[in-house]
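Undergrad: Supplied in structure tokens, the structure appears directly below.
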Amino acid sequence: MTSTNEPNEPVVAGGHTRIRPFNTRDTYPEQSLDNDLCQAVVAGDTVYVRGQIGQDLDTSESVGIGDAEAQAEQAMANIKMLLEEAGSRMEHLVKLTIYLIDPRYREAVYRTVGRWTKGVHPISTGLVVSALARPEWLCEIDAIAVIPKDAQAPQDSKEARA
């Protein structure tokens, strides 16, 4: 496994790039956990994004406490940022899974997701669950996207001409 001491620096494990690696002992200090995870994995031309919640990825602060719509907005902003860090974009979303702790949040959350995915048409699965990892989190959204084969072509062409 390749690793650096820089926070948020991708690592490679098993031949796949791990975006924004972290350890659960740091993110959930109140729990007795010690798991090496990451926010996204690039495997071939596919990007798998960990479930995103109403949390700022740079500060780990929860945002939108008590507001499912605000949490969905932050989750979708996180997904966009992670896809771009992985070399993809929102228009390359393939699948979303949306977890709600209360079905009454569905309209607000899905409206928010719909604004971020207008014209993209990913498939989506929605689930109502009894709870998420922290009591203040009301929704969680994970994503799968692709990296188009021609995504690097313009840059590669410029480098080849230089």
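The way I read the labels, and the way they are meant: chains A, B, ... in the order of the structure tokens, residue 1 as the first residue of every chain, and ligand 1 as the first ligand shown, with later ones counted on from there.
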Determine, using only C-alpha atoms, which residues of region 80-152 of chain A have any atom at most 9 Å from an atom of region 11-34 of chain A, and tabulate each with its shortest atom pair and distance in Å to one decimal place, rows ordered by chain and then rising number, as CSV.

TA:
residue,atom,partner,partner_atom,distance
A:Leu82,CA,A:Ile19,CA,7.5
A:Glu85,CA,A:Ile19,CA,7.4
A:Ala86,CA,A:Ile19,CA,7.0

Undergrad: Please produce a file of those selected residues containing N, CA and C atoms, as a tab-separated table (two decimals), in the first residue's frame.

TA:
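File written: selection-v1.tsv
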chain	number	residue	atom	x	y	z
A	82	LEU	N	-16.04	14.90	-4.58
A	82	LEU	CA	-15.32	13.62	-4.61
A	82	LEU	C	-15.23	13.07	-6.04
A	85	GLU	N	-12.54	15.02	-7.72
A	85	GLU	CA	-11.22	14.59	-7.24
A	85	GLU	C	-10.81	13.26	-7.85
A	86	ALA	N	-11.81	12.42	-8.17
A	86	ALA	CA	-11.55	11.11	-8.75
A	86	ALA	C	-11.43	11.15	-10.27

Undergrad: Could you write out, as number ranges by chain, all the residues of chain A that DSSP marks as strand (DSSP E)?

TA: A: 11-13, 16-23, 36-43, 46-52, 93-100, 123-128, 139-146

Undergrad: Per residue of region 30-89 of chain A within 10 Å of region 100-112 of chain A, note the shortest atom pair and the distance in Å to one decimal, counting only C-alpha atoms, and order the rows by chain and increasing residue number, as CSV.

TA:
residue,atom,partner,partner_atom,distance
A:Asp67,CA,A:Tyr105,CA,9.0
A:Ala68,CA,A:Tyr105,CA,6.3
A:Glu69,CA,A:Val109,CA,5.2
A:Ala70,CA,A:Val109,CA,8.5
A:Gln71,CA,A:Val109,CA,8.3
A:Ala72,CA,A:Val109,CA,5.7
A:Glu73,CA,A:Thr112,CA,6.2
A:Gln74,CA,A:Thr112,CA,9.9
A:Ala75,CA,A:Thr112,CA,9.9
A:Met76,CA,A:Thr112,CA,8.3

Undergrad: Produce a table with one row for each residue of region 10-72 of chain A that has an atom at most 6 Å from any atom of region 139-142 of chain A, each row naming the nearest atom pair and its distance in Å at one decimal; use only C-alpha atoms; arrange rows by chain and rising residue number; format as JSON lines.

TA:
{"residue": "A:Val49", "atom": "CA", "partner": "A:Asp142", "partner_atom": "CA", "distance": 5.7}
{"residue": "A:Arg50", "atom": "CA", "partner": "A:Asp142", "partner_atom": "CA", "distance": 5.4}
{"residue": "A:Gly51", "atom": "CA", "partner": "A:Asp142", "partner_atom": "CA", "distance": 3.9}
{"residue": "A:Gln52", "atom": "CA", "partner": "A:Ile141", "partner_atom": "CA", "distance": 5.1}
{"residue": "A:Ile53", "atom": "CA", "partner": "A:Glu140", "partner_atom": "CA", "distance": 4.7}

Undergrad: Among the residues of region 52-113 of chain A, find those DSSP assigns to alpha helix (DSSP H) from the backbone and print them as a PyMOL selection string.

TA: chain A and resi 68-86+106-113

Undergrad: Quote the spacing between CA of Glu9 (chain A) and CA of Arg89 (chain A) in Å to one decimal place.

TA: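 Computing the Euclidean distance for CA of Glu9 (chain A) and CA of Arg89 (chain A) yields 19.4 Å.
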
Undergrad: So which one's closest to Val41 (chain A), A:Ile147, A:Ala77, A:Glu136, A:His121? Using only C-alpha atoms, please.

TA: A:Ile147
